[in-house]
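Reproduced below: upload-v3.cif, with mmCIF, C-alpha atoms and all ligand atoms.
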data_coords
loop_
_atom_site.label_atom_id
_atom_site.label_comp_id
_atom_site.auth_asym_id
_atom_site.auth_seq_id
_atom_site.Cartn_x
_atom_site.Cartn_y
_atom_site.Cartn_z
CA MET A 1 -22.07 -8.67 26.29
CA THR A 2 -18.60 -8.87 24.73
CA ARG A 3 -17.63 -6.67 21.82
CA ASP A 4 -15.62 -8.40 19.09
CA LEU A 5 -14.12 -6.63 16.08
CA ILE A 6 -12.11 -7.68 13.04
CA LEU A 7 -9.29 -5.42 11.85
CA PHE A 8 -8.85 -6.28 8.23
CA GLY A 9 -6.36 -5.17 5.58
CA PRO A 10 -3.29 -6.14 3.58
CA PRO A 11 0.18 -6.66 5.08
CA GLY A 12 1.45 -3.29 6.29
CA ALA A 13 -1.98 -1.61 6.35
CA GLY A 14 -1.51 -0.77 10.04
CA LYS A 15 -3.56 -3.53 11.70
CA GLY A 16 -1.01 -4.04 14.48
CA THR A 17 -0.47 -0.31 15.03
CA GLN A 18 -4.17 0.55 15.12
CA GLY A 19 -5.19 -2.64 16.94
CA ALA A 20 -2.86 -1.92 19.87
CA LEU A 21 -4.14 1.68 20.23
CA LEU A 22 -7.78 0.66 19.88
CA ALA A 23 -7.46 -2.17 22.40
CA GLU A 24 -6.02 0.22 24.99
CA ARG A 25 -8.62 2.88 24.31
CA LEU A 26 -11.65 0.57 24.34
CA GLY A 27 -10.46 -1.85 27.03
CA LEU A 28 -10.44 -4.77 24.60
CA LEU A 29 -7.93 -7.56 24.06
CA ARG A 30 -6.05 -7.86 20.76
CA LEU A 31 -5.37 -11.23 19.22
CA SER A 32 -2.75 -11.05 16.47
CA THR A 33 -2.40 -14.55 15.04
CA GLY A 34 0.89 -13.39 13.47
CA ASP A 35 2.28 -12.41 16.91
CA VAL A 36 1.20 -15.74 18.42
CA LEU A 37 2.90 -17.62 15.58
CA ARG A 38 6.10 -15.54 15.79
CA ASP A 39 6.25 -16.19 19.54
CA ALA A 40 5.87 -19.95 18.89
CA VAL A 41 8.67 -19.78 16.28
CA ARG A 42 10.93 -17.95 18.78
CA ARG A 43 10.24 -20.54 21.47
CA GLY A 44 10.78 -23.42 19.01
CA THR A 45 7.50 -25.17 19.86
CA ALA A 46 6.03 -27.85 17.56
CA MET A 47 3.50 -25.30 16.30
CA GLY A 48 6.27 -22.77 15.69
CA ARG A 49 8.35 -25.28 13.74
CA GLU A 50 5.36 -26.14 11.57
CA ALA A 51 4.38 -22.50 11.03
CA GLN A 52 7.84 -21.16 10.22
CA ARG A 53 8.19 -22.63 6.74
CA TYR A 54 4.87 -21.10 5.65
CA MET A 55 5.64 -17.72 7.20
CA ASP A 56 9.13 -17.55 5.71
CA ALA A 57 7.63 -18.19 2.27
CA GLY A 58 4.90 -15.57 2.78
CA ASP A 59 2.20 -18.26 2.65
CA LEU A 60 -0.66 -18.86 5.04
CA VAL A 61 -0.29 -21.27 7.94
CA PRO A 62 -2.86 -24.15 7.73
CA ASP A 63 -6.37 -23.26 8.89
CA ASP A 64 -6.52 -25.92 11.64
CA VAL A 65 -3.47 -24.48 13.40
CA ILE A 66 -4.98 -21.00 13.32
CA ILE A 67 -8.45 -22.09 14.45
CA GLY A 68 -6.85 -23.90 17.39
CA ILE A 69 -5.15 -20.67 18.49
CA VAL A 70 -8.39 -18.66 18.29
CA ARG A 71 -10.53 -21.31 19.99
CA ASP A 72 -8.12 -21.58 22.92
CA TYR A 73 -7.95 -17.80 23.25
CA LEU A 74 -11.73 -17.37 23.33
CA ALA A 75 -12.09 -20.18 25.86
CA GLY A 76 -9.38 -18.76 28.12
CA GLU A 77 -8.07 -15.21 28.41
CA ALA A 78 -10.84 -13.65 26.30
CA ALA A 79 -13.82 -15.58 27.65
CA ASP A 80 -15.34 -12.45 29.19
CA THR A 81 -13.64 -9.67 27.24
CA GLY A 82 -14.15 -8.35 23.72
CA VAL A 83 -11.42 -9.11 21.20
CA ILE A 84 -9.91 -7.24 18.26
CA PHE A 85 -8.92 -9.91 15.74
CA ASP A 86 -5.80 -8.71 13.90
CA GLY A 87 -4.80 -10.81 10.89
CA PHE A 88 -7.61 -13.32 11.37
CA PRO A 89 -9.62 -14.63 9.56
CA ARG A 90 -7.62 -14.87 6.33
CA THR A 91 -9.44 -17.61 4.41
CA LEU A 92 -13.09 -18.49 3.88
CA PRO A 93 -12.84 -21.67 6.04
CA GLN A 94 -11.36 -19.54 8.87
CA ALA A 95 -14.19 -17.01 8.53
CA LYS A 96 -16.84 -19.73 8.63
CA ARG A 97 -15.26 -21.40 11.65
CA LEU A 98 -15.17 -18.04 13.42
CA ASP A 99 -18.86 -17.45 12.59
CA ASP A 100 -19.72 -20.84 14.16
CA LEU A 101 -17.51 -20.30 17.18
CA LEU A 102 -18.95 -16.85 17.94
CA GLU A 103 -22.49 -18.13 17.52
CA GLU A 104 -21.83 -21.06 19.90
CA LEU A 105 -20.43 -18.59 22.44
CA ASN A 106 -23.23 -16.06 21.85
CA ARG A 107 -20.73 -13.34 20.91
CA PRO A 108 -22.08 -11.30 17.97
CA LEU A 109 -19.41 -9.69 15.84
CA GLN A 110 -19.70 -5.91 16.12
CA ALA A 111 -17.88 -4.74 12.99
CA VAL A 112 -15.29 -5.46 10.35
CA LEU A 113 -12.89 -2.53 9.91
CA VAL A 114 -11.06 -2.58 6.58
CA LEU A 115 -7.87 -0.49 6.35
CA GLU A 116 -7.20 0.48 2.75
CA VAL A 117 -3.65 1.29 1.60
CA GLU A 118 -2.16 1.19 -1.92
CA SER A 119 0.55 -1.39 -2.74
CA ASP A 120 3.42 1.09 -3.23
CA VAL A 121 2.82 2.53 0.25
CA LEU A 122 2.53 -0.97 1.76
CA ILE A 123 5.88 -1.98 0.26
CA LYS A 124 7.59 1.12 1.68
CA ARG A 125 6.01 0.60 5.11
CA LEU A 126 7.06 -3.05 5.28
CA SER A 127 10.61 -2.44 4.05
CA GLY A 128 10.98 0.35 6.64
CA ARG A 129 9.45 -1.47 9.60
CA ARG A 130 11.70 -2.20 12.58
CA SER A 131 10.60 -3.94 15.79
CA CYS A 132 11.96 -4.12 19.29
CA ALA A 133 12.45 -7.65 20.62
CA GLY A 134 12.60 -6.21 24.15
CA CYS A 135 9.24 -4.46 24.50
CA GLY A 136 7.50 -5.09 21.16
CA ALA A 137 7.44 -1.42 20.05
CA THR A 138 7.27 -0.89 16.27
CA TYR A 139 9.04 1.85 14.29
CA ASN A 140 9.44 2.79 10.68
CA VAL A 141 12.66 4.21 9.29
CA TYR A 142 10.67 6.33 6.78
CA PHE A 143 7.57 7.34 8.73
CA ASP A 144 8.33 6.95 12.44
CA PRO A 145 12.07 6.53 13.06
CA PRO A 146 13.54 5.93 16.51
CA ARG A 147 15.47 8.83 18.06
CA GLU A 148 18.72 6.85 17.83
CA GLU A 149 19.17 4.67 14.76
CA GLY A 150 18.67 0.95 15.45
CA LEU A 151 17.70 1.39 19.12
CA CYS A 152 14.31 1.36 20.84
CA ASP A 153 13.24 4.72 22.33
CA ARG A 154 11.34 3.00 25.11
CA CYS A 155 13.73 0.33 26.38
CA GLY A 156 17.02 0.86 24.50
CA ALA A 157 17.10 -2.68 23.03
CA ALA A 158 18.32 -3.27 19.46
CA LEU A 159 15.71 -3.05 16.70
CA SER A 160 15.40 -5.75 14.06
CA GLN A 161 13.64 -6.35 10.76
CA ARG A 162 11.01 -9.08 10.42
CA ALA A 163 12.21 -12.10 8.43
CA ASP A 164 9.17 -11.90 6.12
CA ASP A 165 9.66 -8.20 5.32
CA ASP A 166 12.25 -8.89 2.58
CA PRO A 167 11.08 -7.72 -0.88
CA ALA A 168 10.35 -11.16 -2.41
CA THR A 169 8.35 -12.37 0.58
CA VAL A 170 6.43 -9.08 0.74
CA GLN A 171 5.36 -9.55 -2.90
CA ARG A 172 4.16 -13.06 -2.09
CA ARG A 173 2.26 -11.87 1.03
CA LEU A 174 0.50 -9.17 -1.00
CA ALA A 175 -0.48 -11.72 -3.66
CA VAL A 176 -1.77 -14.17 -1.03
CA TYR A 177 -3.85 -11.37 0.52
CA ALA A 178 -5.40 -10.48 -2.85
CA GLU A 179 -6.16 -14.13 -3.69
CA GLN A 180 -7.25 -15.61 -0.38
CA THR A 181 -8.10 -12.88 2.10
CA GLU A 182 -9.57 -9.86 0.31
CA PRO A 183 -12.55 -11.92 -0.97
CA LEU A 184 -13.70 -12.31 2.66
CA ILE A 185 -15.02 -8.75 2.55
CA VAL A 186 -17.85 -10.09 0.38
CA HIS A 187 -18.53 -12.81 2.98
CA TYR A 188 -18.99 -10.16 5.69
CA ARG A 189 -21.01 -7.84 3.45
CA LYS A 190 -23.51 -10.68 3.02
CA SER A 191 -23.80 -11.11 6.80
CA ASP A 192 -25.46 -8.85 9.40
CA THR A 193 -22.09 -7.43 10.45
CA ASP A 194 -21.24 -3.77 9.69
CA VAL A 195 -18.31 -3.46 7.29
CA HIS A 196 -16.46 -0.10 7.34
CA HIS A 197 -13.73 0.97 4.92
CA ILE A 198 -11.13 3.39 6.28
CA ASP A 199 -8.42 5.28 4.39
CA GLY A 200 -5.34 3.75 6.03
CA GLU A 201 -2.94 6.15 4.28
CA GLN A 202 -3.76 8.97 6.70
CA SER A 203 -1.56 9.54 9.76
CA VAL A 204 -1.71 6.98 12.58
CA ASP A 205 -3.63 9.46 14.78
CA HIS A 206 -6.09 10.32 12.06
CA VAL A 207 -6.87 6.64 11.31
CA GLN A 208 -7.31 5.98 15.01
CA ARG A 209 -9.70 8.91 15.41
CA GLU A 210 -11.77 7.70 12.47
CA LEU A 211 -11.96 4.15 13.88
CA VAL A 212 -13.07 5.40 17.30
CA GLU A 213 -15.70 7.68 15.77
CA LEU A 214 -17.08 4.83 13.67
CA LEU A 215 -17.32 2.55 16.68
CA GLU A 216 -18.95 5.20 18.84
CA GLU A 217 -21.65 5.95 16.25
P1 LIG A 301 0.89 -10.99 10.36
O1 LIG A 301 1.83 -10.79 11.47
O2 LIG A 301 -0.57 -10.93 10.62
O3 LIG A 301 1.32 -9.98 9.22
P2 LIG A 301 0.48 -9.18 8.10
O4 LIG A 301 -0.97 -9.38 8.00
O5 LIG A 301 1.26 -9.43 6.87
O6 LIG A 301 0.50 -7.74 8.62
P3 LIG A 301 1.72 -6.98 9.19
O7 LIG A 301 1.93 -7.32 10.63
O8 LIG A 301 2.92 -7.09 8.29
O9 LIG A 301 1.21 -5.47 9.01
P4 LIG A 301 0.14 -4.64 9.83
O10 LIG A 301 -1.08 -4.43 8.98
O11 LIG A 301 -0.05 -5.16 11.21
O12 LIG A 301 0.90 -3.26 9.85
P5 LIG A 301 1.75 -2.56 11.04
O13 LIG A 301 0.82 -1.92 11.99
O14 LIG A 301 2.79 -3.48 11.59
O15 LIG A 301 1.15 -12.39 9.65
C1 LIG A 301 2.46 -12.83 9.33
C2 LIG A 301 2.39 -14.25 8.77
O16 LIG A 301 1.83 -15.13 9.77
C3 LIG A 301 1.49 -14.44 7.54
O17 LIG A 301 2.17 -14.14 6.34
C4 LIG A 301 1.14 -15.93 7.66
O18 LIG A 301 2.19 -16.76 7.24
C5 LIG A 301 0.97 -16.13 9.17
N1 LIG A 301 -0.41 -15.88 9.64
C6 LIG A 301 -0.83 -14.92 10.51
N2 LIG A 301 -2.16 -15.00 10.70
C7 LIG A 301 -2.61 -16.02 9.92
C8 LIG A 301 -3.89 -16.57 9.67
N3 LIG A 301 -5.02 -16.05 10.23
N4 LIG A 301 -3.98 -17.61 8.79
C9 LIG A 301 -2.87 -18.15 8.21
N5 LIG A 301 -1.63 -17.66 8.41
C10 LIG A 301 -1.48 -16.60 9.25
O19 LIG A 301 2.46 -1.39 10.20
C11 LIG A 301 3.46 -1.68 9.24
C12 LIG A 301 4.50 -0.55 9.23
O20 LIG A 301 3.86 0.66 8.79
C13 LIG A 301 5.09 -0.23 10.62
O21 LIG A 301 6.44 0.12 10.47
C14 LIG A 301 4.26 0.98 11.11
O22 LIG A 301 5.03 1.79 11.98
C15 LIG A 301 3.94 1.68 9.79
N6 LIG A 301 2.65 2.36 9.82
C16 LIG A 301 1.47 1.85 10.31
N7 LIG A 301 0.47 2.75 10.15
C17 LIG A 301 1.03 3.83 9.51
C18 LIG A 301 0.50 5.10 9.06
N8 LIG A 301 -0.79 5.40 9.20
N9 LIG A 301 1.35 5.94 8.45
C19 LIG A 301 2.66 5.61 8.29
N10 LIG A 301 3.22 4.46 8.72
C20 LIG A 301 2.41 3.58 9.31
#
Take the structure in this file and express it as structure tokens.
Ligand code: AP5
Amino acid sequence: MTRDLILFGPPGAGKGTQGALLAERLGLLRLSTGDVLRDAVRRGTAMGREAQRYMDAGDLVPDDVIIGIVRDYLAGEAADTGVIFDGFPRTLPQAKRLDDLLEELNRPLQAVLVLEVESDVLIKRLSGRRSCAGCGATYNVYFDPPREEGLCDRCGAALSQRADDDPATVQRRLAVYAEQTEPLIVHYRKSDTDVHHIDGEQSVDHVQRELVELLEE
């Protein structure tokens, strides 16, 4: 039986950070729809060209594009392995399509893990985030700086800031989360799935420990 989880939370809550650690620890795959879209933008594919204008504005990419990504992933790479969904679902139609897809595939959702972080902390985290294009490592100039400014500790490549981490786009992303994504918590509360709320303002290690303990209960 596969073990699928949803990591839920506003932009900057730590979904990517925690998802990567959890996937390694539990032997699960992590599907970040944001990473898939950014890769498509970098490669200049038709999907990337369509997605870019929404992402640059801080808006959500159309549901059909996103559902296509998830369906293909569950039919391929993740057919026999549990998945941590990071940044998906983000709208009620996406959540309902995921419910149907998991039921068709006989993959019950194990839990929804909601990372809670206040807006002022989110804004600081996003403005301080730097990523390595070489190996994908993530840093934060305020909370987790690289040893040498602007360079990746692991591979030495230059670090860059995400295009949608500028202040105006961050405000828009936070508003879109509050309007379109946060209400999904009610959808999952009404289902049989366990919904856990975690204080995402603790240290990375502390949040990770709490997630693992919850899942091992
Ligand atoms: P996506 O890539 O999913 O971005 P997001 O949800 O806005 O989340 P982020 O990646 O910004 O933050 P995170 O929660 O992963 O935090 P992280 O761990 O990096 O989506 C981008 C765009 O793609 C969307 O706006 C949309 O256009 C499109 N998209 C994606 N999925 C979609 C979907 N399903 N439907 C429609 N459109 C979609 O951490 C942030 C920073 O904080 C880092 O610097 C990190 O080092 C630091 N940090 C993390 N944890 C801690 C901690 N505990 N203490 C201190 N610092 C910490």
Go ahead and compute the interatomic distance for CA of Ala51 (chain A) and atom O19 of ligand LIG 301 (chain A), in Å to one decimal.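 Computing it gives 21.2 Å between the two atoms.
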Between CA of Ala133 (chain A) and atom O2 of ligand LIG 301 (chain A), distance in Å (one decimal):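 Between CA of Ala133 (chain A) and atom O2 of ligand LIG 301 (chain A) the gap works out to 16.7 Å.
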Would you write out, as a Markdown table, a table of all residues in region 81-200 of chain A that have an atom no more than 7 Å from an atom of region 53-60 of chain A, listing for each the closest atom pair and the distance in Å to one decimal, considering only C-alpha atoms and ordering rows by chain and rising residue number?
| residue | atom | partner | partner_atom | distance |
| --- | --- | --- | --- | --- |
| A:Ala163 | CA | A:Asp56 | CA | 6.8 |
| A:Asp164 | CA | A:Asp56 | CA | 5.7 |
| A:Thr169 | CA | A:Gly58 | CA | 5.2 |
| A:Val170 | CA | A:Gly58 | CA | 7.0 |
| A:Arg172 | CA | A:Gly58 | CA | 5.5 |
| A:Arg173 | CA | A:Gly58 | CA | 4.9 |
| A:Val176 | CA | A:Asp59 | CA | 6.8 |
What lies within 7 Å of Tyr139 (chain A) using all atoms listed in the file, ignoring chain neighbours under 4 positions off, as a PDB file with C-alpha atoms, in the coordinates of the input?
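File produced: result-v3.pdb:
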ATOM      1  CA  ARG A 129       9.450  -1.470   9.600  1.00  0.00           C
ATOM      2  CA  ARG A 130      11.700  -2.200  12.580  1.00  0.00           C
ATOM      3  CA  SER A 131      10.600  -3.940  15.790  1.00  0.00           C
ATOM      4  CA  ASP A 144       8.330   6.950  12.440  1.00  0.00           C
ATOM      5  CA  PRO A 145      12.070   6.530  13.060  1.00  0.00           C
ATOM      6  CA  PRO A 146      13.540   5.930  16.510  1.00  0.00           C
TER       7      PRO A 146
END
Interatomic distance (Å, one decimal) between CA of Ala175 (chain A) and CA of Asp35 (chain A):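 Pair CA of Ala175 (chain A) / CA of Asp35 (chain A) returns 20.8 Å.
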Can you tell me, as a list in words, what residues are no more than 8 Å from Ala13 (chain A) when counting only C-alpha atoms, ignoring any on the same chain fewer than 2 positions away?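 The contact residues come out as Gly9, Pro10, Pro11, Lys15, Leu115, Glu116, Val117, Leu122 and Gly200 of chain A.
Of the listed residues A:Phe8, A:Leu22, A:Val112, A:Arg162, the one whose atoms come nearest to Arg38 (chain A) is A:Arg162, with distances taken using all atoms listed in the file.
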10 Å contact set for Ala158 (chain A), all atoms listed in the file, chain neighbours under 4 positions out, as a list in words: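 Residues meeting the cut-off are Arg130, Ser131, Cys132, Ala133, Gly134, Glu149, Gly150, Leu151, Cys152 and Asp153 of chain A.
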Select region 112-129 of chain A in the preceding structure and write N, CA and C atoms to a file as a CSV table (one decimal), in the first residue's frame.
chain,number,residue,atom,x,y,z
A,112,VAL,N,-3.0,15.2,6.0
A,112,VAL,CA,-2.7,16.5,5.5
A,112,VAL,C,-1.9,17.2,6.6
A,113,LEU,N,-0.7,17.7,6.3
A,113,LEU,CA,0.1,18.4,7.3
A,113,LEU,C,0.2,19.9,7.0
A,114,VAL,N,-0.4,20.7,7.9
A,114,VAL,CA,-0.5,22.1,7.6
A,114,VAL,C,0.6,22.8,8.4
A,115,LEU,N,1.5,23.5,7.7
A,115,LEU,CA,2.5,24.3,8.4
A,115,LEU,C,2.0,25.7,8.6
A,116,GLU,N,2.0,26.1,9.8
A,116,GLU,CA,1.5,27.5,10.1
A,116,GLU,C,2.6,28.5,10.5
A,117,VAL,N,2.6,29.6,9.7
A,117,VAL,CA,3.6,30.6,9.9
A,117,VAL,C,3.0,32.0,9.7
A,118,GLU,N,3.3,32.9,10.6
A,118,GLU,CA,2.6,34.3,10.4
A,118,GLU,C,3.2,35.0,9.2
A,119,SER,N,2.4,36.0,8.7
A,119,SER,CA,2.8,36.7,7.4
A,119,SER,C,4.1,37.4,7.5
A,120,ASP,N,4.4,38.1,8.7
A,120,ASP,CA,5.6,38.8,8.7
A,120,ASP,C,6.9,37.9,8.6
A,121,VAL,N,6.8,36.7,9.2
A,121,VAL,CA,7.9,35.8,9.1
A,121,VAL,C,8.0,35.2,7.6
A,122,LEU,N,6.8,35.0,7.0
A,122,LEU,CA,6.8,34.5,5.6
A,122,LEU,C,7.5,35.5,4.7
A,123,ILE,N,7.2,36.7,4.9
A,123,ILE,CA,7.7,37.8,4.0
A,123,ILE,C,9.3,37.8,4.2
A,124,LYS,N,9.7,37.7,5.4
A,124,LYS,CA,11.2,37.7,5.6
A,124,LYS,C,11.8,36.5,5.0
A,125,ARG,N,11.2,35.3,5.2
A,125,ARG,CA,11.8,34.1,4.7
A,125,ARG,C,11.9,34.2,3.1
A,126,LEU,N,10.8,34.7,2.5
A,126,LEU,CA,10.8,34.7,1.0
A,126,LEU,C,11.8,35.7,0.5
A,127,SER,N,11.9,36.9,1.2
A,127,SER,CA,12.8,37.9,0.7
A,127,SER,C,14.3,37.4,0.9
A,128,GLY,N,14.5,36.6,1.9
A,128,GLY,CA,15.9,36.1,2.1
A,128,GLY,C,16.2,34.8,1.4
A,129,ARG,N,15.3,34.2,0.7
A,129,ARG,CA,15.6,32.9,0.1
A,129,ARG,C,16.5,33.0,-1.1
